[in-house]
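First comes the structure, then the notes that go with it.
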Amino acid sequence: MPESDTSLLVASVREAGLIARKYFGSSYKVWRKADGNPVTDADMAVDAFLKRTLTAARPDYGWLSEETADDGTRLTRARTFVVDPIDGTHGFLKHRPQFTIVAAVVAAGRPIAGAIYNPMTEEMYEATLGAGARKNGMAIRVSARSDFDGAKLLTTRKFLEPSLWTTPWPDGITVEARASIAYRMALIAEGTFDAMISLSKKSDWDLAAGDLIVHEAGGRVSSGNGTTLLYNGETPEQADIVCGAPALHERLIARLREYLPAQ
């Protein structure tokens, strides 16, 4: 059942957080992967723990993780764990407490259980399909904002540059960033921020858990053209993402039609 999957994810990422905390701010090995992104001993230790723990509990589930070579067997399984052992490694390297440990269960292309844990702030976000979203056990909800005036966005400040748009953005928009994509989505789910936009490619392990948590908190998550994201495909990657409060999400999708680089 999805509820028991969520409980398993929450317990496992919380325990994995203890591993990450031991490495945070200490000495560890850092190297570059083939795509140029950094990876650390901490990433690998958390990944090994989660793979061992989760697959032992659910041996019939597939496995997809940023730090595990993908052999494709996940495509033959009805359910698959989709995991990012440390999302926000750049922040981790800079000793910023903005990284998260992320895990979801995906079935038929959509997440049915998910957990996002920031071990440094001890914020645990979780959701089960159809059962709402919670932070540290308390129900959370996206903001009610429906327009851009006063909106708090998680994106790059460059994204709002007037030269990139046919019409300028209104004044009064606050823009911030966080190292972890999953953490940004969790902050949308709890209503601290109103929306998140990223037009660069993202991997399924960045998004699957947050997608469920935002939806269960009453929000919307989609591609830049408004289509629902499907996970655990042959290429586990998404072109872009927009998520936020429902009315604001709809306005953002419409606004992206005025984004000049997209022409």
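Every chain in the structure tokens takes a letter, A first, then B, and so on in the order presented; its residues are numbered from 1, and the ligands are numbered from 1 following the presented order.
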Requested in this report: With a distance cut-off of 12 Å and only C-alpha atoms, select the neighbouring residues of Glu161 in chain A, excluding the residue or stretch itself and same-chain residues fewer than 5 positions from it, and output the selection as a list in words.
Outcome: Thr155, Thr156, Thr166, Thr167, Pro168, Trp169, Pro170, Val175, Tyr259, Leu260 and Pro261 of chain A
Any chance you could export the current selection's C-alpha atoms as an mmCIF file, in the first residue's frame?
```
data_model
loop_
_atom_site.group_PDB
_atom_site.id
_atom_site.type_symbol
_atom_site.label_atom_id
_atom_site.label_comp_id
_atom_site.auth_asym_id
_atom_site.auth_seq_id
_atom_site.Cartn_x
_atom_site.Cartn_y
_atom_site.Cartn_z
ATOM 1 C CA THR A 155 14.061 30.947 -9.747
ATOM 2 C CA THR A 156 17.109 32.843 -10.956
ATOM 3 C CA THR A 166 7.887 40.722 -24.637
ATOM 4 C CA THR A 167 6.395 42.611 -21.682
ATOM 5 C CA PRO A 168 8.138 43.315 -18.362
ATOM 6 C CA TRP A 169 7.242 41.609 -15.118
ATOM 7 C CA PRO A 170 5.334 43.679 -12.546
ATOM 8 C CA VAL A 175 13.128 36.113 -6.156
ATOM 9 C CA TYR A 259 9.525 34.220 -23.050
ATOM 10 C CA LEU A 260 11.687 35.372 -25.956
ATOM 11 C CA PRO A 261 14.385 32.639 -25.917
#
```
Requested in this report: Excluding range 240-249 of chain A and residues on its chain fewer than 5 positions from it, collect all residues at most 8 Å away from it, counting only C-alpha atoms, and give them as a PyMOL selection string.
Outcome: chain A and resi 142-148+185+188-189+194-202+214+218-224
For the residues selected in the previous step, produce a file with N, CA and C atoms as a short mmCIF file (atom, residue, chain, number, x, y, z; two decimals), in the first residue's frame.
```
data_model
loop_
_atom_site.label_atom_id
_atom_site.label_comp_id
_atom_site.auth_asym_id
_atom_site.auth_seq_id
_atom_site.Cartn_x
_atom_site.Cartn_y
_atom_site.Cartn_z
N VAL A 142 -0.36 24.75 -0.11
CA VAL A 142 0.26 25.81 -0.93
C VAL A 142 -0.41 27.14 -0.63
N SER A 143 0.25 28.21 -1.04
CA SER A 143 -0.31 29.54 -0.83
C SER A 143 -1.55 29.75 -1.69
N ALA A 144 -2.30 30.78 -1.35
CA ALA A 144 -3.52 31.11 -2.10
C ALA A 144 -3.26 32.20 -3.13
N ARG A 145 -2.00 32.56 -3.34
CA ARG A 145 -1.72 33.68 -4.25
C ARG A 145 -2.14 33.36 -5.67
N SER A 146 -2.75 34.37 -6.31
CA SER A 146 -3.25 34.16 -7.67
C SER A 146 -2.69 35.15 -8.68
N ASP A 147 -1.87 36.12 -8.22
CA ASP A 147 -1.28 37.06 -9.17
C ASP A 147 0.18 37.30 -8.84
N PHE A 148 0.86 38.04 -9.70
CA PHE A 148 2.30 38.24 -9.56
C PHE A 148 2.67 39.34 -8.55
N MET A 185 10.67 22.72 -4.11
CA MET A 185 9.31 22.23 -4.28
C MET A 185 8.62 22.06 -2.93
N ILE A 188 7.40 25.33 -1.76
CA ILE A 188 6.16 25.69 -2.44
C ILE A 188 4.99 24.98 -1.76
N ALA A 189 5.16 23.70 -1.47
CA ALA A 189 4.09 22.90 -0.86
C ALA A 189 3.65 23.47 0.48
N ASP A 194 5.54 31.01 -3.46
CA ASP A 194 4.32 30.86 -4.24
C ASP A 194 4.50 30.01 -5.50
N ALA A 195 5.69 30.02 -6.07
CA ALA A 195 5.90 29.26 -7.30
C ALA A 195 7.38 29.06 -7.55
N MET A 196 7.69 28.06 -8.39
CA MET A 196 9.06 27.78 -8.81
C MET A 196 9.07 27.55 -10.30
N ILE A 197 10.07 28.12 -10.97
CA ILE A 197 10.22 27.94 -12.41
C ILE A 197 11.66 27.59 -12.72
N SER A 198 11.86 26.55 -13.50
CA SER A 198 13.18 26.22 -14.01
C SER A 198 13.03 25.69 -15.42
N LEU A 199 13.70 26.34 -16.37
CA LEU A 199 13.58 25.94 -17.77
C LEU A 199 14.77 25.13 -18.25
N SER A 200 15.58 24.64 -17.32
CA SER A 200 16.68 23.74 -17.68
C SER A 200 16.28 22.31 -17.38
N LYS A 201 16.97 21.36 -18.01
CA LYS A 201 16.63 19.95 -17.84
C LYS A 201 16.81 19.52 -16.38
N LYS A 202 15.89 18.67 -15.94
CA LYS A 202 15.93 18.11 -14.60
C LYS A 202 15.76 16.60 -14.69
N VAL A 214 3.75 18.52 -3.66
CA VAL A 214 3.08 19.76 -4.08
C VAL A 214 1.63 19.48 -4.46
N GLY A 218 -2.16 20.68 -2.64
CA GLY A 218 -3.12 21.51 -3.37
C GLY A 218 -2.54 22.30 -4.51
N GLY A 219 -1.27 22.07 -4.84
CA GLY A 219 -0.61 22.83 -5.90
C GLY A 219 -0.59 22.11 -7.23
N ARG A 220 0.10 22.73 -8.16
CA ARG A 220 0.22 22.17 -9.51
C ARG A 220 1.69 22.04 -9.88
N VAL A 221 2.01 20.99 -10.61
CA VAL A 221 3.36 20.76 -11.14
C VAL A 221 3.20 20.33 -12.58
N SER A 222 3.98 20.94 -13.47
CA SER A 222 3.88 20.57 -14.88
C SER A 222 5.15 20.95 -15.61
N SER A 223 5.19 20.59 -16.88
CA SER A 223 6.23 21.10 -17.77
C SER A 223 5.92 22.56 -18.07
N GLY A 224 6.82 23.21 -18.80
CA GLY A 224 6.62 24.60 -19.16
C GLY A 224 5.43 24.84 -20.07
#
```
Report task. Could you check how far CA of Leu153 in chain A sits from CA of Glu126 in chain A, in Å to one decimal? Result ->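 For CA of Leu153 in chain A relative to CA of Glu126 in chain A, the distance reads 21.9 Å.
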**Report entry** Shell of 6 Å around range 60-73 of chain A, only C-alpha atoms, local chain residues under 4 positions omitted, as a list in words
**Finding:**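 Listed by chain and then number, they are Arg77, Arg79, Thr80, Phe81, Val82, Val83 and Asp84 of chain A.
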Query - Separation of CA of Glu250 in chain A from CA of Thr100 in chain A in Å - result: 27.7 Å
Report task. Rank nothing, just name the residue among A:Lys22, A:Arg255, A:Arg14, A:Arg52 nearest to Ala115 in chain A, using only C-alpha atoms. Result ->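 Using only C-alpha atoms, the shortest distance to Ala115 in chain A belongs to A:Arg14.
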Report task. Compare A:Leu93, A:Ala45, A:Val106, A:Ala239 by their minimum atom-to-atom distance to Trp205 in chain A, counting only C-alpha atoms, and give me the closest one. Result ->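 Ranking A:Leu93, A:Ala45, A:Val106, A:Ala239 by distance to Trp205 in chain A, first place goes to A:Val106.
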